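J.: Structure file structure20.cif (mmCIF, C-alpha atoms) is given on the next line.
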data_query
#
loop_
_atom_site.group_PDB
_atom_site.id
_atom_site.type_symbol
_atom_site.label_atom_id
_atom_site.label_comp_id
_atom_site.auth_asym_id
_atom_site.auth_seq_id
_atom_site.Cartn_x
_atom_site.Cartn_y
_atom_site.Cartn_z
ATOM 1 C CA MET A 1471 13.365 33.917 4.015
ATOM 2 C CA CYS A 1472 9.957 32.664 5.297
ATOM 3 C CA ARG A 1473 7.468 31.833 2.588
ATOM 4 C CA THR A 1474 3.844 32.824 2.987
ATOM 5 C CA LEU A 1475 1.101 30.228 2.521
ATOM 6 C CA ALA A 1476 0.313 31.796 -0.843
ATOM 7 C CA ALA A 1477 3.792 30.849 -2.074
ATOM 8 C CA PHE A 1478 3.151 27.105 -1.581
ATOM 9 C CA PRO A 1479 1.650 25.078 -4.423
ATOM 10 C CA THR A 1480 -2.138 24.728 -4.154
ATOM 11 C CA THR A 1481 -1.891 20.939 -4.040
ATOM 12 C CA CYS A 1482 0.317 21.094 -0.925
ATOM 13 C CA LEU A 1483 -2.163 23.363 0.844
ATOM 14 C CA GLU A 1484 -5.082 21.147 -0.162
ATOM 15 C CA ARG A 1485 -3.213 18.083 1.101
ATOM 16 C CA ALA A 1486 -2.507 19.758 4.449
ATOM 17 C CA LYS A 1487 -6.146 20.846 4.800
ATOM 18 C CA GLU A 1488 -7.359 17.341 3.956
ATOM 19 C CA PHE A 1489 -5.065 15.834 6.595
ATOM 20 C CA LYS A 1490 -6.204 18.294 9.237
ATOM 21 C CA THR A 1491 -9.864 17.588 8.420
ATOM 22 C CA ARG A 1492 -9.273 13.839 8.471
ATOM 23 C CA LEU A 1493 -7.692 14.039 11.914
ATOM 24 C CA GLY A 1494 -10.414 16.373 13.153
ATOM 25 C CA ILE A 1495 -13.141 13.819 12.477
ATOM 26 C CA PHE A 1496 -11.257 11.222 14.515
ATOM 27 C CA LEU A 1497 -12.905 12.631 17.641
ATOM 28 C CA HIS A 1498 -16.283 11.673 16.191
ATOM 29 C CA LYS A 1499 -15.208 8.345 14.705
ATOM 30 C CA SER A 1500 -14.074 6.243 17.573
ATOM 31 C CA GLU A 1501 -12.815 2.990 16.143
ATOM 32 C CA LEU A 1502 -11.228 1.601 13.025
ATOM 33 C CA GLY A 1503 -13.373 -0.798 11.051
ATOM 34 C CA SER A 1504 -12.944 -4.493 11.663
ATOM 35 C CA ASP A 1505 -11.030 -4.932 8.402
ATOM 36 C CA THR A 1506 -7.481 -4.666 9.724
ATOM 37 C CA GLY A 1507 -6.060 -4.694 6.226
ATOM 38 C CA SER A 1508 -7.300 -1.197 5.477
ATOM 39 C CA VAL A 1509 -6.020 1.910 7.169
ATOM 40 C CA GLY A 1510 -8.489 4.701 7.747
ATOM 41 C CA LYS A 1511 -11.868 2.936 7.979
ATOM 42 C CA PHE A 1512 -13.985 4.133 10.883
ATOM 43 C CA GLU A 1513 -17.287 3.352 12.527
ATOM 44 C CA TRP A 1514 -19.402 6.249 13.735
ATOM 45 C CA ASN A 1515 -19.981 6.274 17.470
ATOM 46 C CA SER A 1516 -20.901 9.427 19.353
ATOM 47 C CA LYS A 1517 -21.272 7.961 22.851
ATOM 48 C CA HIS A 1518 -19.513 10.049 25.469
ATOM 49 C CA ASN A 1519 -17.524 7.231 27.046
ATOM 50 C CA LYS A 1520 -16.183 6.234 23.617
ATOM 51 C CA GLU A 1521 -15.255 9.849 22.976
ATOM 52 C CA ARG A 1522 -13.374 10.000 26.276
ATOM 53 C CA ASN A 1523 -11.605 6.715 25.551
ATOM 54 C CA PHE A 1524 -10.596 7.989 22.147
ATOM 55 C CA SER A 1525 -9.341 11.253 23.637
ATOM 56 C CA GLU A 1526 -7.190 9.289 26.098
ATOM 57 C CA ASP A 1527 -5.918 7.235 23.172
ATOM 58 C CA VAL A 1528 -4.955 10.384 21.233
ATOM 59 C CA LEU A 1529 -3.027 11.816 24.183
ATOM 60 C CA GLY A 1530 -1.323 8.458 24.682
ATOM 61 C CA TRP A 1531 0.238 8.609 21.218
ATOM 62 C CA ARG A 1532 2.821 11.113 22.445
ATOM 63 C CA GLU A 1533 3.983 8.883 25.313
ATOM 64 C CA SER A 1534 5.978 6.565 23.063
ATOM 65 C CA PHE A 1535 6.194 5.322 19.503
ATOM 66 C CA ASP A 1536 5.007 1.923 20.772
ATOM 67 C CA SER A 1537 1.845 3.574 22.143
ATOM 68 C CA LEU A 1538 1.163 5.029 18.715
ATOM 69 C CA LEU A 1539 1.785 1.743 16.890
ATOM 70 C CA SER A 1540 -0.394 -0.217 19.333
ATOM 71 C CA SER A 1541 -3.385 2.032 18.582
ATOM 72 C CA ARG A 1542 -5.310 1.352 15.385
ATOM 73 C CA ASN A 1543 -6.482 4.968 15.311
ATOM 74 C CA GLY A 1544 -2.904 6.083 15.990
ATOM 75 C CA VAL A 1545 -1.617 4.029 13.062
ATOM 76 C CA ALA A 1546 -4.317 5.533 10.814
ATOM 77 C CA ALA A 1547 -3.433 9.083 11.913
ATOM 78 C CA PHE A 1548 0.300 8.455 11.493
ATOM 79 C CA HIS A 1549 -0.331 6.938 8.054
ATOM 80 C CA ALA A 1550 -2.316 10.034 7.002
ATOM 81 C CA PHE A 1551 0.551 12.228 8.216
ATOM 82 C CA LEU A 1552 3.188 10.168 6.369
ATOM 83 C CA LYS A 1553 1.151 10.508 3.181
ATOM 84 C CA THR A 1554 1.517 14.282 3.423
ATOM 85 C CA GLU A 1555 5.292 13.724 3.529
ATOM 86 C CA PHE A 1556 5.223 11.113 0.756
ATOM 87 C CA SER A 1557 6.896 8.590 3.091
ATOM 88 C CA GLU A 1558 4.055 6.206 3.927
ATOM 89 C CA GLU A 1559 5.989 3.237 2.506
ATOM 90 C CA ASN A 1560 7.927 2.781 5.765
ATOM 91 C CA LEU A 1561 4.768 2.292 7.833
ATOM 92 C CA GLU A 1562 3.125 0.174 5.134
ATOM 93 C CA PHE A 1563 6.185 -2.100 5.075
ATOM 94 C CA TRP A 1564 6.178 -2.351 8.891
ATOM 95 C CA LEU A 1565 2.470 -3.265 8.863
ATOM 96 C CA ALA A 1566 3.001 -5.810 6.069
ATOM 97 C CA CYS A 1567 5.736 -7.441 8.161
ATOM 98 C CA GLU A 1568 3.454 -7.604 11.214
ATOM 99 C CA GLU A 1569 0.790 -9.382 9.140
ATOM 100 C CA PHE A 1570 3.431 -11.618 7.540
ATOM 101 C CA LYS A 1571 4.573 -12.881 10.959
ATOM 102 C CA LYS A 1572 1.068 -14.195 11.642
ATOM 103 C CA LEU A 1573 1.169 -16.600 8.675
ATOM 104 C CA ARG A 1574 1.603 -20.264 9.580
ATOM 105 C CA SER A 1575 1.591 -21.976 6.187
ATOM 106 C CA ALA A 1576 5.063 -22.423 4.649
ATOM 107 C CA THR A 1577 3.592 -21.993 1.171
ATOM 108 C CA LYS A 1578 1.876 -18.732 2.120
ATOM 109 C CA LEU A 1579 5.041 -17.518 3.867
ATOM 110 C CA ALA A 1580 7.138 -18.057 0.736
ATOM 111 C CA SER A 1581 4.581 -16.455 -1.577
ATOM 112 C CA ARG A 1582 3.942 -13.446 0.675
ATOM 113 C CA ALA A 1583 7.684 -12.970 1.361
ATOM 114 C CA HIS A 1584 8.374 -12.559 -2.355
ATOM 115 C CA LYS A 1585 5.472 -10.110 -2.721
ATOM 116 C CA ILE A 1586 6.721 -7.983 0.187
ATOM 117 C CA PHE A 1587 10.270 -8.068 -1.163
ATOM 118 C CA ASP A 1588 9.117 -7.002 -4.648
ATOM 119 C CA GLU A 1589 6.892 -4.235 -3.278
ATOM 120 C CA PHE A 1590 9.202 -2.723 -0.651
ATOM 121 C CA ILE A 1591 12.774 -4.054 -0.694
ATOM 122 C CA ARG A 1592 14.163 -4.657 -4.174
ATOM 123 C CA SER A 1593 15.883 -1.753 -5.932
ATOM 124 C CA GLU A 1594 13.349 0.407 -7.779
ATOM 125 C CA ALA A 1595 10.468 -1.281 -5.916
ATOM 126 C CA PRO A 1596 7.183 0.661 -6.238
ATOM 127 C CA LYS A 1597 7.259 1.456 -2.489
ATOM 128 C CA GLU A 1598 10.986 1.074 -1.866
ATOM 129 C CA VAL A 1599 11.940 1.637 1.781
ATOM 130 C CA ASN A 1600 15.098 3.445 2.782
ATOM 131 C CA ILE A 1601 17.495 0.709 3.953
ATOM 132 C CA ASP A 1602 21.201 0.183 3.413
ATOM 133 C CA HIS A 1603 22.652 -2.165 0.776
ATOM 134 C CA GLU A 1604 23.769 -4.781 3.328
ATOM 135 C CA THR A 1605 20.276 -5.043 4.827
ATOM 136 C CA ARG A 1606 18.740 -5.258 1.361
ATOM 137 C CA GLU A 1607 21.058 -8.123 0.394
ATOM 138 C CA LEU A 1608 20.562 -9.930 3.712
ATOM 139 C CA THR A 1609 16.806 -9.716 3.219
ATOM 140 C CA ARG A 1610 17.126 -10.961 -0.362
ATOM 141 C CA THR A 1611 18.975 -14.032 0.960
ATOM 142 C CA ASN A 1612 16.477 -14.571 3.783
ATOM 143 C CA VAL A 1613 13.516 -14.488 1.392
ATOM 144 C CA GLN A 1614 14.951 -17.401 -0.596
ATOM 145 C CA ALA A 1615 14.226 -19.651 2.416
ATOM 146 C CA ALA A 1616 11.395 -17.619 3.915
ATOM 147 C CA THR A 1617 10.620 -17.855 7.610
ATOM 148 C CA SER A 1618 8.478 -15.584 9.773
ATOM 149 C CA THR A 1619 11.648 -13.682 10.768
ATOM 150 C CA CYS A 1620 13.108 -13.079 7.299
ATOM 151 C CA PHE A 1621 12.211 -9.347 7.351
ATOM 152 C CA ASP A 1622 13.141 -8.676 10.987
ATOM 153 C CA VAL A 1623 16.339 -6.717 10.291
ATOM 154 C CA ALA A 1624 14.786 -4.561 7.560
ATOM 155 C CA GLN A 1625 11.627 -4.029 9.611
ATOM 156 C CA GLY A 1626 13.720 -2.987 12.621
ATOM 157 C CA LYS A 1627 15.655 -0.444 10.558
ATOM 158 C CA THR A 1628 12.523 1.147 9.101
ATOM 159 C CA ARG A 1629 10.917 1.241 12.558
ATOM 160 C CA THR A 1630 13.969 3.020 14.000
ATOM 161 C CA LEU A 1631 13.909 5.480 11.111
ATOM 162 C CA MET A 1632 10.234 6.277 11.723
ATOM 163 C CA GLU A 1633 10.727 6.580 15.487
ATOM 164 C CA LYS A 1634 13.693 8.950 15.204
ATOM 165 C CA ASP A 1635 12.563 10.940 12.202
ATOM 166 C CA SER A 1636 8.859 10.862 11.255
ATOM 167 C CA TYR A 1637 7.326 10.310 14.704
ATOM 168 C CA PRO A 1638 8.773 13.508 16.288
ATOM 169 C CA ARG A 1639 7.567 15.501 13.255
ATOM 170 C CA PHE A 1640 4.111 13.936 13.607
ATOM 171 C CA LEU A 1641 3.913 15.035 17.260
ATOM 172 C CA LYS A 1642 5.008 18.566 16.310
ATOM 173 C CA SER A 1643 2.576 18.845 13.403
ATOM 174 C CA SER A 1644 -0.215 21.379 13.802
ATOM 175 C CA ALA A 1645 -2.763 18.693 12.933
ATOM 176 C CA TYR A 1646 -1.712 16.467 15.848
ATOM 177 C CA ARG A 1647 -1.356 19.412 18.226
ATOM 178 C CA ASP A 1648 -4.886 20.541 17.344
ATOM 179 C CA LEU A 1649 -6.208 17.007 17.773
ATOM 180 C CA ALA A 1650 -4.462 16.661 21.154
ATOM 181 C CA ALA A 1651 -5.906 20.021 22.247
ATOM 182 C CA GLN A 1652 -9.413 18.829 21.320
ATOM 183 C CA ALA A 1653 -8.788 15.571 23.192
ATOM 184 C CA SER A 1654 -7.632 17.470 26.286
ATOM 185 C CA ALA A 1655 -10.710 19.698 26.095
ATOM 186 C CA THR A 1656 -12.982 16.653 25.804
ATOM 187 C CA LEU A 1657 -11.434 15.071 28.882
ATOM 188 C CA ALA A 1658 -11.619 18.347 30.826
ATOM 189 C CA SER A 1659 -15.272 18.960 29.948
ATOM 190 C CA PRO A 1660 -17.626 17.898 32.762
ATOM 191 C CA SER A 1661 -20.460 17.482 30.261
ATOM 192 C CA SER A 1662 -18.597 14.948 28.156
ATOM 193 C CA CYS A 1663 -19.283 12.100 30.535
ATOM 194 C CA GLY A 1664 -20.110 11.335 34.140
ATOM 195 C CA PRO A 1665 -17.366 10.803 36.705
ATOM 196 C CA GLU A 1666 -13.700 10.602 35.756
ATOM 197 C CA PRO A 1667 -12.588 7.034 35.021
ATOM 198 C CA LEU A 1668 -10.520 5.410 37.753
ATOM 199 C CA HIS A 1669 -6.851 5.017 36.957
ATOM 200 C CA THR A 1670 -5.214 2.011 38.559
#
Represent the structure contained in this file as structure tokens.
T.:
Amino acid sequence: MCRTLAAFPTTCLERAKEFKTRLGIFLHKSELGSDTGSVGKFEWNSKHNKERNFSEDVLGWRESFDSLLSSRNGVAAFHAFLKTEFSEENLEFWLACEEFKKLRSATKLASRAHKIFDEFIRSEAPKEVNIDHETRELTRTNVQAATSTCFDVAQGKTRTLMEKDSYPRFLKSSAYRDLAAQASATLASPSSCGPEPLHT
């Protein structure tokens, strides 16, 4: 039987409202802050062309999972959504792996590899990701002689899981649908900016 909103715990409703509000302000906050290590920092910018660019960005998130992951605002929105599902560890692990691959120092690679393993991979890790035993053991072995590719298999599995499971739910969520509707309205509004941008 369908449950009414009143039947849900207050904390769940508050969480959903907070997420919807957070996504709603995206249209007024055009870009993530320059600190790439933090998800959800924005700079205020109300210029019309920025608003249009952001609206195009929002609508692009539904084209592919890659489009979402290549957008800093998209990653922030997806992260906020995953928090409402208590499954943000998959995205946080994926992002940690992307940063890890940029390291060039062997010493830093080894140190960071062990931190990522302890945070996301080992059994009972504080943010344990959902991977099979074989992948966990392969990653454990890889970390012992850390290279920039030691998390590739585990990262690939969590990415596939997000793409097939969480991403479709994100696109179907009322928060994203509302945000996409606002983005479409912004692009359709003649007052939002001068002429339509040229598409090549």
J.: Give me, as a PDB file with C-alpha atoms, keeping the file's coordinate frame, all polymer residues having an atom no more than 10 Å from Ala1576 of chain A, counting only C-alpha atoms and skipping those fewer than 3 positions away in the same chain.
T.:
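The resulting file, around-v7.pdb, is reproduced below:
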ATOM      1  CA  LEU A1573       1.169 -16.600   8.675  1.00  0.00           C
ATOM      2  CA  LEU A1579       5.041 -17.518   3.867  1.00  0.00           C
ATOM      3  CA  ALA A1580       7.138 -18.057   0.736  1.00  0.00           C
ATOM      4  CA  SER A1581       4.581 -16.455  -1.577  1.00  0.00           C
ATOM      5  CA  ARG A1582       3.942 -13.446   0.675  1.00  0.00           C
ATOM      6  CA  ALA A1615      14.226 -19.651   2.416  1.00  0.00           C
ATOM      7  CA  ALA A1616      11.395 -17.619   3.915  1.00  0.00           C
ATOM      8  CA  THR A1617      10.620 -17.855   7.610  1.00  0.00           C
ATOM      9  CA  SER A1618       8.478 -15.584   9.773  1.00  0.00           C
TER      10      SER A1618
END
J.: For a quick check of your reading of the model, name the residues lying within 12 Å of the coordinate (9.0, -12.7, 10.4), counting only C-alpha atoms, and write them as a PDB file with C-alpha atoms, in the frame of the given file.
T.:
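Done, and the output landed in out.pdb:
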ATOM      1  CA  TRP A1564       6.178  -2.351   8.891  1.00  0.00           C
ATOM      2  CA  LEU A1565       2.470  -3.265   8.863  1.00  0.00           C
ATOM      3  CA  ALA A1566       3.001  -5.810   6.069  1.00  0.00           C
ATOM      4  CA  CYS A1567       5.736  -7.441   8.161  1.00  0.00           C
ATOM      5  CA  GLU A1568       3.454  -7.604  11.214  1.00  0.00           C
ATOM      6  CA  GLU A1569       0.790  -9.382   9.140  1.00  0.00           C
ATOM      7  CA  PHE A1570       3.431 -11.618   7.540  1.00  0.00           C
ATOM      8  CA  LYS A1571       4.573 -12.881  10.959  1.00  0.00           C
ATOM      9  CA  LYS A1572       1.068 -14.195  11.642  1.00  0.00           C
ATOM     10  CA  LEU A1573       1.169 -16.600   8.675  1.00  0.00           C
ATOM     11  CA  ARG A1574       1.603 -20.264   9.580  1.00  0.00           C
ATOM     12  CA  ALA A1576       5.063 -22.423   4.649  1.00  0.00           C
ATOM     13  CA  LEU A1579       5.041 -17.518   3.867  1.00  0.00           C
ATOM     14  CA  ALA A1580       7.138 -18.057   0.736  1.00  0.00           C
ATOM     15  CA  ARG A1582       3.942 -13.446   0.675  1.00  0.00           C
ATOM     16  CA  ALA A1583       7.684 -12.970   1.361  1.00  0.00           C
ATOM     17  CA  ILE A1586       6.721  -7.983   0.187  1.00  0.00           C
ATOM     18  CA  THR A1609      16.806  -9.716   3.219  1.00  0.00           C
ATOM     19  CA  ASN A1612      16.477 -14.571   3.783  1.00  0.00           C
ATOM     20  CA  VAL A1613      13.516 -14.488   1.392  1.00  0.00           C
ATOM     21  CA  ALA A1615      14.226 -19.651   2.416  1.00  0.00           C
ATOM     22  CA  ALA A1616      11.395 -17.619   3.915  1.00  0.00           C
ATOM     23  CA  THR A1617      10.620 -17.855   7.610  1.00  0.00           C
ATOM     24  CA  SER A1618       8.478 -15.584   9.773  1.00  0.00           C
ATOM     25  CA  THR A1619      11.648 -13.682  10.768  1.00  0.00           C
ATOM     26  CA  CYS A1620      13.108 -13.079   7.299  1.00  0.00           C
ATOM     27  CA  PHE A1621      12.211  -9.347   7.351  1.00  0.00           C
ATOM     28  CA  ASP A1622      13.141  -8.676  10.987  1.00  0.00           C
ATOM     29  CA  VAL A1623      16.339  -6.717  10.291  1.00  0.00           C
ATOM     30  CA  ALA A1624      14.786  -4.561   7.560  1.00  0.00           C
ATOM     31  CA  GLN A1625      11.627  -4.029   9.611  1.00  0.00           C
ATOM     32  CA  GLY A1626      13.720  -2.987  12.621  1.00  0.00           C
TER      33      GLY A1626
END
J.: Enter the distance from atom CA of Asp1635 of chain A to atom CA of Ala1653 of chain A, in Å, rounded to one decimal.
T.: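 One can read the atom CA of Asp1635 of chain A to atom CA of Ala1653 of chain A distance as 24.5 Å.
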J.: Please write as a PyMOL selection string the full residue list that the PyMOL selection byres ((chain A and resi 1539) around 12) yields on this file.
T.: chain A and resi 1527-1528+1530-1538+1540-1549+1561-1562+1564-1565+1568+1629+1632-1633+1637
J.: Quick one: pull the distance between atom CA of Ser1575 of chain A and atom CA of Pro1596 of chain A, Å, one decimal.
T.: 26.4 Å
J.: Report, in Å with one decimal, the straight-line distance from atom CA of Gln1652 of chain A to atom CA of Leu1529 of chain A.
T.: 9.9 Å
J.: Counting only C-alpha atoms, note down every residue that has an atom within 10 Å of the point (9.9, 11.0, 9.1) (file coordinates), as JSON, numbers by chain.
T.: {"A": [1551, 1552, 1555, 1556, 1557, 1558, 1560, 1631, 1632, 1633, 1634, 1635, 1636, 1637, 1638, 1639, 1640]}
J.: Choose the residue, out of A:Glu1559, A:Asp1648, A:Glu1521, A:Glu1526, that has the smallest atom-to-atom separation from Lys1597 of chain A; count only C-alpha atoms.
T.: A:Glu1559
J.: Just checking: using only C-alpha atoms, which residue out of A:Phe1563, A:Ser1525, A:Thr1630, A:Lys1642 ends up closest to Glu1589 of chain A?
T.: A:Phe1563
J.: When distances are computed from all atoms listed in the file, which of A:Thr1554, A:Thr1577, A:Ser1643, A:Thr1628 shows the smallest separation from Asp1602 of chain A?
T.: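 Checking each candidate against Asp1602 of chain A, we get A:Thr1628 as the closest.
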J.: Taking into account only C-alpha atoms, which residue in the set A:Lys1627, A:His1584, A:Lys1520, A:Arg1647 is nearest to Asn1600 of chain A?
T.: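 Looking only at the distances to Asn1600 of chain A, the closest residue turns out to be A:Lys1627.
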J.: Taking only C-alpha atoms into account, name the residue in A:Arg1610, A:Phe1524, A:His1603, A:Arg1592 that is nearest to Ala1650 of chain A.
T.: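 Using only C-alpha atoms, Ala1650 of chain A sits closest to A:Phe1524.
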